[in-house]
file work-v3.txt (compact mmCIF, C-alpha atoms and all ligand atoms)
# COMPACT_ATOMS: atom_id res chain seq x y z
CA MET P 1 -10.19 -19.32 4.37
CA ARG P 2 -9.25 -18.70 0.77
CA GLN P 3 -5.56 -19.19 1.39
CA ASP P 4 -3.57 -22.39 1.55
CA HIS P 5 -0.67 -20.83 3.43
CA ILE P 6 -0.38 -17.82 5.74
CA ILE P 7 2.77 -16.00 4.72
CA SER P 8 2.19 -12.25 4.76
CA ALA P 9 -0.44 -9.91 6.12
CA LYS P 10 -0.29 -8.21 2.74
CA HIS P 11 -2.40 -11.04 1.40
CA LEU P 12 -4.98 -11.01 4.17
CA ALA P 13 -8.25 -9.57 2.93
CA ARG P 14 -10.68 -7.96 5.33
CA GLU P 15 -13.12 -10.85 5.00
CA ASP P 16 -10.40 -13.39 5.89
CA ILE P 17 -9.36 -11.32 8.89
CA GLU P 18 -12.94 -10.96 10.07
CA ALA P 19 -13.57 -14.67 9.60
CA VAL P 20 -10.63 -15.46 11.91
CA LEU P 21 -11.57 -12.84 14.50
CA ASP P 22 -15.22 -13.92 14.55
CA ARG P 23 -14.24 -17.57 14.92
CA ALA P 24 -11.80 -16.60 17.70
CA SER P 25 -14.61 -14.81 19.56
CA ALA P 26 -16.84 -17.86 19.20
CA ILE P 27 -14.03 -20.07 20.53
CA ALA P 28 -13.33 -17.73 23.45
CA ASP P 29 -17.03 -17.82 24.34
CA ASP P 30 -17.34 -21.61 24.23
CA PRO P 31 -13.95 -23.36 24.06
CA ALA P 32 -15.45 -26.73 25.01
CA ALA P 33 -17.39 -26.80 21.73
CA TYR P 34 -14.06 -26.95 19.86
CA SER P 35 -12.13 -29.30 22.12
CA GLU P 36 -12.41 -32.39 19.89
CA ARG P 37 -12.79 -30.65 16.56
CA HIS P 38 -9.36 -31.58 15.23
CA ALA P 39 -8.72 -34.77 17.15
CA GLY P 40 -5.85 -36.66 15.56
CA THR P 41 -4.44 -33.62 13.74
CA LEU P 42 -0.72 -32.99 14.11
CA LEU P 43 0.89 -29.57 13.85
CA GLY P 44 4.60 -29.46 13.00
CA LEU P 45 6.60 -26.76 14.78
CA MET P 46 9.84 -25.62 13.19
CA PHE P 47 11.44 -22.75 15.10
CA TYR P 48 14.87 -21.66 13.95
CA GLU P 49 14.74 -18.60 16.24
CA PRO P 50 13.80 -18.13 19.91
CA SER P 51 10.10 -18.03 20.76
CA THR P 52 7.97 -18.22 23.87
CA ARG P 53 4.51 -16.89 23.03
CA THR P 54 4.19 -17.88 19.40
CA LYS P 55 5.41 -21.43 19.88
CA MET P 56 3.58 -22.13 23.14
CA SER P 57 0.31 -20.57 21.99
CA PHE P 58 0.38 -22.55 18.74
CA SER P 59 0.96 -25.71 20.82
CA ALA P 60 -1.83 -24.79 23.21
CA ALA P 61 -4.14 -23.95 20.32
CA MET P 62 -3.59 -27.26 18.52
CA LYS P 63 -4.03 -29.23 21.75
CA ARG P 64 -7.16 -27.32 22.71
CA LEU P 65 -8.62 -28.29 19.33
CA GLY P 66 -8.03 -31.95 20.21
CA GLY P 67 -4.84 -32.32 18.15
CA ASP P 68 -1.19 -32.54 19.05
CA ILE P 69 2.20 -31.20 17.99
CA VAL P 70 5.44 -32.56 16.62
CA ASP P 71 8.28 -30.20 17.42
CA MET P 72 11.63 -30.02 15.65
CA GLY P 73 13.03 -28.73 18.94
CA PRO P 74 16.02 -26.44 19.34
CA VAL P 75 17.76 -25.91 16.06
CA GLU P 76 21.15 -26.79 17.54
CA TYR P 77 19.97 -30.36 18.16
CA SER P 78 18.36 -30.79 14.72
CA SER P 79 19.89 -31.92 11.45
CA VAL P 80 20.21 -28.25 10.51
CA GLN P 81 23.48 -28.55 12.43
CA LYS P 82 24.59 -31.20 9.92
CA GLY P 83 24.00 -28.78 7.08
CA GLU P 84 20.48 -29.74 5.96
CA SER P 85 18.74 -27.08 3.85
CA LEU P 86 15.42 -25.56 4.83
CA ALA P 87 13.89 -26.95 1.63
CA ASP P 88 14.86 -30.51 2.57
CA THR P 89 13.79 -30.14 6.19
CA VAL P 90 10.29 -28.86 5.35
CA ARG P 91 9.90 -31.58 2.71
CA VAL P 92 10.64 -34.18 5.38
CA VAL P 93 8.59 -32.65 8.19
CA GLU P 94 5.47 -32.27 6.03
CA GLY P 95 5.35 -36.06 6.06
CA TYR P 96 4.99 -35.98 9.86
CA ALA P 97 2.30 -33.32 10.24
CA ASP P 98 -0.92 -31.94 8.78
CA ALA P 99 0.22 -28.32 8.89
CA LEU P 100 3.51 -26.56 9.60
CA VAL P 101 4.49 -23.48 11.58
CA LEU P 102 7.85 -22.01 10.61
CA ARG P 103 9.95 -19.29 12.24
CA HIS P 104 13.24 -18.54 10.52
CA PRO P 105 15.78 -15.68 10.58
CA SER P 106 15.75 -15.12 6.79
CA GLU P 107 13.23 -12.79 5.23
CA GLY P 108 11.36 -14.64 2.50
CA SER P 109 12.10 -18.08 3.98
CA ALA P 110 8.46 -18.97 4.65
CA LYS P 111 7.43 -18.10 1.12
CA MET P 112 10.32 -20.13 -0.24
CA ALA P 113 9.35 -23.09 1.96
CA THR P 114 5.82 -23.15 0.49
CA GLU P 115 7.35 -24.18 -2.84
CA PHE P 116 8.27 -27.50 -1.28
CA VAL P 117 5.16 -28.49 0.69
CA ASP P 118 1.51 -29.28 0.09
CA VAL P 119 0.27 -28.99 3.68
CA PRO P 120 -0.67 -25.50 4.96
CA LEU P 121 2.38 -23.57 6.10
CA ILE P 122 2.13 -20.68 8.56
CA ASN P 123 4.83 -18.02 8.78
CA ALA P 124 5.58 -17.45 12.47
CA GLY P 125 8.16 -14.77 11.64
CA ASP P 126 10.69 -14.57 8.79
CA GLY P 127 13.54 -12.33 9.90
CA ALA P 128 12.55 -8.68 9.68
CA GLY P 129 9.81 -9.59 7.18
CA GLN P 130 6.36 -10.60 8.37
CA HIS P 131 4.57 -12.14 11.36
CA PRO P 132 0.95 -12.45 10.20
CA THR P 133 -0.44 -14.51 13.09
CA GLN P 134 0.80 -11.94 15.60
CA THR P 135 -1.16 -9.43 13.55
CA LEU P 136 -4.34 -11.48 13.80
CA LEU P 137 -4.12 -11.52 17.58
CA ASP P 138 -3.22 -7.83 17.56
CA LEU P 139 -6.31 -7.04 15.50
CA TYR P 140 -8.46 -9.17 17.78
CA THR P 141 -7.11 -7.25 20.77
CA ILE P 142 -7.70 -3.90 19.06
CA ARG P 143 -11.23 -4.92 18.12
CA GLU P 144 -12.01 -5.93 21.71
CA ASN P 145 -10.55 -2.79 23.28
CA ALA P 146 -10.77 0.13 20.86
CA GLY P 147 -12.70 -1.15 17.84
CA LEU P 148 -11.27 -1.43 14.33
CA ASP P 149 -13.33 1.33 12.74
CA ASP P 150 -12.16 4.90 12.72
CA LEU P 151 -9.04 3.92 14.61
CA THR P 152 -6.09 6.22 15.34
CA ILE P 153 -3.08 4.09 16.16
CA GLY P 154 0.52 4.97 17.01
CA ILE P 155 3.12 2.31 16.27
CA MET P 156 6.38 3.07 18.04
CA GLY P 157 9.91 1.71 18.30
CA ASP P 158 11.78 -0.40 15.80
CA LEU P 159 9.81 0.08 12.62
CA LYS P 160 12.72 -0.96 10.44
CA TYR P 161 13.34 -4.48 11.70
CA GLY P 162 10.03 -5.11 13.54
CA ARG P 163 8.14 -7.76 11.58
CA THR P 164 5.07 -7.39 13.80
CA VAL P 165 4.97 -3.74 12.71
CA HIS P 166 5.16 -4.54 9.01
CA SER P 167 2.38 -7.11 9.24
CA LEU P 168 0.11 -4.96 11.38
CA ALA P 169 0.54 -1.94 9.11
CA TYR P 170 -0.41 -3.99 6.04
CA ALA P 171 -3.45 -5.52 7.72
CA LEU P 172 -4.71 -2.13 8.91
CA THR P 173 -4.97 -0.93 5.31
CA ASN P 174 -8.17 -3.02 5.19
CA PHE P 175 -9.75 -0.81 7.84
CA ASP P 176 -10.42 2.88 8.22
CA ALA P 177 -7.30 3.50 10.33
CA SER P 178 -4.97 6.50 10.67
CA GLN P 179 -1.53 5.06 11.26
CA HIS P 180 1.16 7.12 12.99
CA PHE P 181 4.69 5.73 13.04
CA ILE P 182 7.02 6.96 15.79
CA SER P 183 10.71 6.06 15.70
CA PRO P 184 14.23 7.43 15.55
CA GLU P 185 15.28 8.40 12.02
CA SER P 186 17.48 5.32 11.73
CA LEU P 187 14.61 2.92 12.50
CA LYS P 188 11.91 4.30 10.23
CA LEU P 189 9.69 2.01 8.18
CA PRO P 190 11.53 0.34 5.30
CA ARG P 191 10.95 2.11 2.02
CA ASN P 192 9.16 -0.85 0.43
CA VAL P 193 6.68 -1.07 3.31
CA ARG P 194 6.01 2.68 3.16
CA TYR P 195 5.47 2.38 -0.59
CA ASP P 196 3.04 -0.52 -0.18
CA LEU P 197 1.05 1.39 2.45
CA HIS P 198 0.75 4.44 0.23
CA LYS P 199 -0.24 2.26 -2.68
CA ALA P 200 -2.96 0.67 -0.57
CA GLY P 201 -4.31 4.19 0.02
CA SER P 202 -3.55 4.10 3.73
CA SER P 203 -3.34 7.26 5.80
CA ILE P 204 0.15 7.18 7.36
CA LYS P 205 2.26 9.80 9.12
CA GLU P 206 5.79 9.51 10.48
CA HIS P 207 7.05 11.17 13.66
CA THR P 208 10.19 11.20 15.75
CA GLN P 209 8.40 12.33 18.95
CA LEU P 210 5.52 10.57 20.66
CA ASP P 211 4.20 13.69 22.40
CA GLU P 212 3.24 15.23 19.05
CA ILE P 213 0.57 12.64 18.61
CA LEU P 214 -0.07 10.83 21.91
CA PRO P 215 -3.25 12.72 22.98
CA SER P 216 -5.12 11.74 19.80
CA LEU P 217 -4.32 8.01 19.91
CA ASP P 218 -6.80 5.20 20.59
CA VAL P 219 -4.02 2.60 20.59
CA LEU P 220 -0.28 2.87 21.22
CA TYR P 221 1.57 -0.20 19.93
CA VAL P 222 5.06 -0.27 21.45
CA THR P 223 7.82 -2.51 20.10
CA ARG P 224 11.21 -3.76 21.19
CA ILE P 225 14.36 -2.60 19.40
CA GLN P 226 15.25 -5.79 17.52
CA LYS P 227 18.83 -6.08 18.76
CA GLU P 228 19.45 -9.37 16.99
CA ARG P 229 18.83 -7.82 13.56
CA PHE P 230 21.40 -5.01 13.79
CA PRO P 231 24.43 -5.70 11.61
CA ASP P 232 26.49 -3.52 13.95
CA GLU P 233 26.13 -3.58 17.75
CA ASN P 234 27.20 0.10 17.96
CA GLU P 235 24.21 1.12 15.86
CA TYR P 236 22.01 -0.71 18.35
CA ARG P 237 23.60 1.08 21.29
CA GLU P 238 22.87 4.45 19.71
CA VAL P 239 19.13 3.84 19.78
CA ALA P 240 18.76 1.45 22.74
CA GLY P 241 16.77 2.96 25.58
CA GLU P 242 15.02 5.54 23.39
CA TYR P 243 11.25 5.59 23.17
CA GLN P 244 10.42 4.28 26.61
CA ILE P 245 7.07 5.00 28.20
CA ASP P 246 5.98 5.19 31.83
CA THR P 247 2.96 6.52 33.71
CA ASP P 248 4.32 10.07 33.44
CA THR P 249 4.46 9.80 29.66
CA LEU P 250 0.89 8.54 29.60
CA ALA P 251 -0.45 11.49 31.61
CA ALA P 252 -0.99 13.26 28.27
CA ALA P 253 -2.91 10.31 26.78
CA SER P 254 -6.64 9.77 26.58
CA ASP P 255 -8.08 7.79 29.52
CA ASP P 256 -9.20 5.18 27.00
CA LEU P 257 -5.78 4.67 25.41
CA THR P 258 -5.00 0.98 24.86
CA VAL P 259 -1.28 0.22 25.21
CA MET P 260 -0.14 -2.88 23.36
CA HIS P 261 3.19 -4.65 22.84
CA PRO P 262 3.83 -7.96 21.05
CA LEU P 263 6.29 -8.83 23.86
CA PRO P 264 8.91 -9.64 24.97
CA ARG P 265 9.56 -6.17 26.37
CA VAL P 266 13.01 -5.13 27.47
CA ASP P 267 12.70 -1.58 28.80
CA GLU P 268 10.20 0.05 26.44
CA ILE P 269 7.33 0.00 28.93
CA GLU P 270 8.08 0.69 32.58
CA HIS P 271 6.45 -1.71 35.01
CA ASP P 272 4.39 1.08 36.58
CA VAL P 273 2.24 1.06 33.41
CA ASP P 274 1.23 -2.57 34.10
CA GLN P 275 -1.03 -1.43 36.94
CA THR P 276 -2.96 1.02 34.77
CA ASP P 277 -6.11 0.42 32.70
CA HIS P 278 -4.04 1.21 29.60
CA ALA P 279 -1.98 -1.98 29.87
CA THR P 280 -3.32 -4.56 27.45
CA TYR P 281 -0.18 -6.50 26.50
CA PHE P 282 -0.67 -9.54 28.71
CA GLN P 283 -4.27 -9.90 27.57
CA GLN P 284 -2.93 -9.48 24.01
CA ALA P 285 -0.49 -12.39 24.52
CA HIS P 286 -3.28 -14.57 25.95
CA ASN P 287 -5.45 -13.83 22.93
CA GLY P 288 -2.87 -15.78 20.92
CA VAL P 289 -4.58 -19.04 21.89
CA PRO P 290 -8.18 -18.43 20.67
CA VAL P 291 -6.91 -16.57 17.61
CA ARG P 292 -4.48 -19.33 16.62
CA MET P 293 -7.19 -21.93 17.33
CA ALA P 294 -9.47 -20.02 14.95
CA LEU P 295 -6.82 -19.78 12.26
CA LEU P 296 -5.94 -23.48 12.51
CA ASP P 297 -9.62 -24.42 12.51
CA LEU P 298 -10.29 -22.44 9.32
CA LEU P 299 -7.08 -23.57 7.58
CA LEU P 300 -7.75 -27.20 8.44
CA GLY P 301 -11.24 -27.09 7.02
CA GLY P 302 -13.31 -26.23 10.06
CA ASP P 303 -15.78 -24.26 7.90
CA GLN P 304 -18.08 -27.21 7.46
C1 LIG Z 401 7.79 -10.70 18.28
C2 LIG Z 401 8.60 -11.34 17.18
O1 LIG Z 401 9.09 -12.47 17.33
O2 LIG Z 401 8.68 -10.70 16.13
N1 LIG Z 401 7.52 -11.59 19.33
C3 LIG Z 401 6.34 -12.30 19.29
O3 LIG Z 401 6.18 -13.18 18.47
N2 LIG Z 401 5.38 -11.97 20.14
C4 LIG Z 401 8.33 -9.39 18.76
C5 LIG Z 401 9.73 -9.31 19.26
O4 LIG Z 401 10.48 -10.29 19.31
O5 LIG Z 401 10.12 -8.19 19.63

call {"tool": "encode", "arguments": {"input": "work-v3.txt", "output": "structure tokens"}}
result
Amino acid sequence: MRQDHIISAKHLAREDIEAVLDRASAIADDPAAYSERHAGTLLGLMFYEPSTRTKMSFSAAMKRLGGDIVDMGPVEYSSVQKGESLADTVRVVEGYADALVLRHPSEGSAKMATEFVDVPLINAGDGAGQHPTQTLLDLYTIRENAGLDDLTIGIMGDLKYGRTVHSLAYALTNFDASQHFISPESLKLPRNVRYDLHKAGSSIKEHTQLDEILPSLDVLYVTRIQKERFPDENEYREVAGEYQIDTDTLAAASDDLTVMHPLPRVDEIEHDVDQTDHATYFQQAHNGVPVRMALLDLLLGGDQ
């Protein structure tokens, strides 16, 4: 890994991505070979926002590599409540752990935190910004199910506030992918992200209707409307419940369509889809463990 910290998918080169995915495949094939590899290593977890998958799969990954975790715990019981700054907290916690995982509501917070620490810091979501490790497990899932070459992907839902969307879109510029973005007008990709994608030479198209594009897709990546990021609850209500899919919607899709979702879902994917061969989101969530094991292994010097 040529990076000290993992902050944005914008900085992930194809060779770094492939190194992680290849290592994740090797780990998935023979997890026992890695079970003592990082014995004694401690991973510090600092989650200032709710998390189930990211936090638990990082914990599982570190433990399955032979290491352990130290967890700041719920933010309301930490010294953040006493007014401690993020800069001070990361400076302290780096003394307790060999690497840090940070989730925080402010965009740019993970990058800022790297100014204060020497141990590797992994961004587990910074507001509506980036979520690069979700992207690595998304890419792993795409590679396993549809392949990463010559991919036609539809990314649907909250493209404005969805950090998993921003990270995935950046990472896909490394591959020969046609990216279709489907959302209401008010939740289109942020201008800076669209600009970066164009600059990277990526083929992107924006749509307001899924049916325009559904039959040609290899992958449909559905996302939750990020209620917690809306400055005004009324704005959320205007778009809530739009862009839901069910088995009727998918009748027009290719038999091979892979349906993904970073989860948690609210009502974007009806439960009848779970029974179909399209449904890949639970497998996707499970892939978080081998992929995060691979990333930790490479970041912590497992190349040797
Ligand atoms: C995502 C997130 O936190 O950005 N969740 C996750 O990590 N799998 C998606 C979401 O919350 O909608």

call {"tool": "closest_atom_pairs", "arguments": {"input": "work-v3.txt", "of": "chain P", "to": "ligand LIG 401 (chain Z)", "cutoff": "6 Å", "atoms": "only C-alpha atoms and all ligand atoms", "output": "JSON lines"}}
result
{"residue": "P:Arg53", "atom": "CA", "partner": "Z:LIG401", "partner_atom": "N2", "distance": 5.8}
{"residue": "P:Thr54", "atom": "CA", "partner": "Z:LIG401", "partner_atom": "O3", "distance": 5.2}
{"residue": "P:Arg163", "atom": "CA", "partner": "Z:LIG401", "partner_atom": "O2", "distance": 5.4}
{"residue": "P:Thr164", "atom": "CA", "partner": "Z:LIG401", "partner_atom": "O2", "distance": 5.4}
{"residue": "P:Arg224", "atom": "CA", "partner": "Z:LIG401", "partner_atom": "O5", "distance": 4.8}
{"residue": "P:Pro262", "atom": "CA", "partner": "Z:LIG401", "partner_atom": "N2", "distance": 4.4}
{"residue": "P:Leu263", "atom": "CA", "partner": "Z:LIG401", "partner_atom": "N2", "distance": 5.0}
{"residue": "P:Pro264", "atom": "CA", "partner": "Z:LIG401", "partner_atom": "O5", "distance": 5.7}

call {"tool": "closest_residue", "arguments": {"input": "work-v3.txt", "among": "P:Asp256, P:Ala128, P:Asp149, P:Gln134", "to": "P:Pro190", "atoms": "all atoms listed in the file"}}
result
P:Ala128

call {"tool": "atom_distance", "arguments": {"input": "work-v3.txt", "atom1": "atom CA of P:Leu257", "atom2": "atom CA of P:Asp218"}}
result
5.0 Å

call {"tool": "closest_residue", "arguments": {"input": "work-v3.txt", "among": "P:Ile7, P:Asp248, P:Met112, P:Tyr140", "to": "P:Ala19", "atoms": "all atoms listed in the file"}}
result
P:Tyr140

call {"tool": "closest_residue", "arguments": {"input": "work-v3.txt", "among": "P:Asp68, P:Glu18, P:Glu212, P:Asp277", "to": "P:Leu148", "atoms": "all atoms listed in the file"}}
result
P:Glu18

call {"tool": "closest_residue", "arguments": {"input": "work-v3.txt", "among": "P:Leu136, P:Ala97, P:Met156, P:Leu168", "to": "P:Phe181", "atoms": "only C-alpha atoms"}}
result
P:Met156

call {"tool": "residues_around", "arguments": {"input": "work-v3.txt", "residues": "P:Pro215", "least_positions_apart": "4", "cutoff": "10 Å", "atoms": "only C-alpha atoms", "output": "list in words"}}
result
Leu210, Asp211, Leu250, Ala251, Ala252, Ala253, Ser254, Asp255 and Leu257 of chain P

call {"tool": "closest_residue", "arguments": {"input": "work-v3.txt", "among": "P:Asp138, P:Asp16, P:Asp126, P:Asp150", "to": "P:Ser178", "atoms": "all atoms listed in the file"}}
result
P:Asp150

call {"tool": "residues_near_point", "arguments": {"input": "work-v3.txt", "point": "(1.7, -0.6, -1.7)", "cutoff": "12 Å", "atoms": "all atoms listed in the file", "output": "list in words"}}
result
Lys10, His11, His166, Ala169, Tyr170, Ala171, Thr173, Arg191, Asn192, Val193, Arg194, Tyr195, Asp196, Leu197, His198, Lys199, Ala200, Gly201, Ser202 and Ser203 of chain P

call {"tool": "residues_near_point", "arguments": {"input": "work-v3.txt", "point": "(-7.7, -1.2, 22.1)", "cutoff": "8 Å", "atoms": "only C-alpha atoms", "output": "MDAnalysis selection string"}}
result
chainID P and resid 141:147 218:219 257:260 280

call {"tool": "residues_around", "arguments": {"input": "work-v3.txt", "residues": "P:Val117", "least_positions_apart": "2", "cutoff": "7 Å", "atoms": "all atoms listed in the file", "output": "VMD selection string"}}
result
chain P and resid 90 to 91 94 113 to 115 119

call {"tool": "atom_distance", "arguments": {"input": "work-v3.txt", "atom1": "atom CA of P:Arg265", "atom2": "atom CA of P:Gly127"}}
result
18.0 Å

call {"tool": "build_atoms", "arguments": {"input": "work-v3.txt", "residues": "stretch 131-141 of chain P", "atoms": "all heavy atoms", "output": "CSV table (one decimal), in the frame of the given file"}}
result
chain,number,residue,atom,x,y,z
P,131,HIS,N,5.0,-11.3,10.2
P,131,HIS,CA,4.6,-12.1,11.4
P,131,HIS,C,3.0,-12.1,11.4
P,131,HIS,O,2.4,-11.5,12.3
P,131,HIS,CB,5.2,-11.6,12.6
P,131,HIS,CG,5.1,-12.5,13.8
P,131,HIS,ND1,4.3,-13.7,13.9
P,131,HIS,CD2,5.7,-12.4,15.1
P,131,HIS,CE1,4.4,-14.2,15.0
P,131,HIS,NE2,5.2,-13.5,15.8
P,132,PRO,N,2.4,-12.7,10.4
P,132,PRO,CA,1.0,-12.4,10.2
P,132,PRO,C,0.1,-13.0,11.3
P,132,PRO,O,-1.0,-12.4,11.6
P,132,PRO,CB,0.6,-13.2,8.9
P,132,PRO,CG,1.8,-14.1,8.7
P,132,PRO,CD,3.0,-13.5,9.3
P,133,THR,N,0.5,-14.0,12.0
P,133,THR,CA,-0.4,-14.5,13.1
P,133,THR,C,-0.4,-13.6,14.3
P,133,THR,O,-1.4,-13.5,15.0
P,133,THR,CB,-0.2,-16.0,13.5
P,133,THR,OG1,1.1,-16.1,14.1
P,133,THR,CG2,-0.2,-16.9,12.3
P,134,GLN,N,0.8,-13.0,14.5
P,134,GLN,CA,0.8,-11.9,15.6
P,134,GLN,C,-0.2,-10.8,15.3
P,134,GLN,O,-0.9,-10.3,16.1
P,134,GLN,CB,2.2,-11.4,15.7
P,134,GLN,CG,2.3,-10.2,16.7
P,134,GLN,CD,2.2,-10.7,18.2
P,134,GLN,OE1,2.7,-11.7,18.5
P,134,GLN,NE2,1.5,-9.9,19.0
P,135,THR,N,-0.2,-10.5,14.0
P,135,THR,CA,-1.2,-9.4,13.6
P,135,THR,C,-2.6,-9.8,13.8
P,135,THR,O,-3.4,-9.0,14.2
P,135,THR,CB,-0.9,-9.1,12.1
P,135,THR,OG1,0.3,-8.5,12.0
P,135,THR,CG2,-2.0,-8.2,11.5
P,136,LEU,N,-2.9,-11.1,13.6
P,136,LEU,CA,-4.3,-11.5,13.8
P,136,LEU,C,-4.7,-11.3,15.3
P,136,LEU,O,-5.8,-10.8,15.6
P,136,LEU,CB,-4.6,-12.9,13.3
P,136,LEU,CG,-4.5,-13.1,11.8
P,136,LEU,CD1,-4.4,-14.5,11.4
P,136,LEU,CD2,-5.7,-12.4,11.1
P,137,LEU,N,-3.8,-11.7,16.2
P,137,LEU,CA,-4.1,-11.5,17.6
P,137,LEU,C,-4.1,-10.0,18.0
P,137,LEU,O,-4.8,-9.6,18.9
P,137,LEU,CB,-3.3,-12.4,18.5
P,137,LEU,CG,-1.8,-12.1,18.7
P,137,LEU,CD1,-1.6,-11.2,20.0
P,137,LEU,CD2,-1.0,-13.4,18.9
P,138,ASP,N,-3.2,-9.3,17.3
P,138,ASP,CA,-3.2,-7.8,17.6
P,138,ASP,C,-4.6,-7.2,17.2
P,138,ASP,O,-5.1,-6.4,17.9
P,138,ASP,CB,-2.1,-7.1,16.8
P,138,ASP,CG,-0.7,-7.5,17.3
P,138,ASP,OD1,-0.6,-8.1,18.4
P,138,ASP,OD2,0.3,-7.3,16.5
P,139,LEU,N,-5.0,-7.6,16.0
P,139,LEU,CA,-6.3,-7.0,15.5
P,139,LEU,C,-7.5,-7.5,16.4
P,139,LEU,O,-8.4,-6.7,16.7
P,139,LEU,CB,-6.6,-7.5,14.1
P,139,LEU,CG,-5.6,-7.0,13.0
P,139,LEU,CD1,-5.9,-7.6,11.6
P,139,LEU,CD2,-5.7,-5.5,12.8
P,140,TYR,N,-7.4,-8.7,16.9
P,140,TYR,CA,-8.5,-9.2,17.8
P,140,TYR,C,-8.5,-8.3,19.0
P,140,TYR,O,-9.5,-7.9,19.5
P,140,TYR,CB,-8.2,-10.6,18.1
P,140,TYR,CG,-9.1,-11.3,19.0
P,140,TYR,CD1,-10.3,-11.9,18.5
P,140,TYR,CD2,-8.9,-11.4,20.4
P,140,TYR,CE1,-11.2,-12.5,19.3
P,140,TYR,CE2,-9.8,-12.1,21.2
P,140,TYR,CZ,-10.9,-12.6,20.7
P,140,TYR,OH,-11.8,-13.3,21.5
P,141,THR,N,-7.3,-8.1,19.6
P,141,THR,CA,-7.1,-7.2,20.8
P,141,THR,C,-7.6,-5.8,20.5
P,141,THR,O,-8.3,-5.2,21.4
P,141,THR,CB,-5.6,-7.3,21.2
P,141,THR,OG1,-5.2,-8.6,21.3
P,141,THR,CG2,-5.5,-6.6,22.6
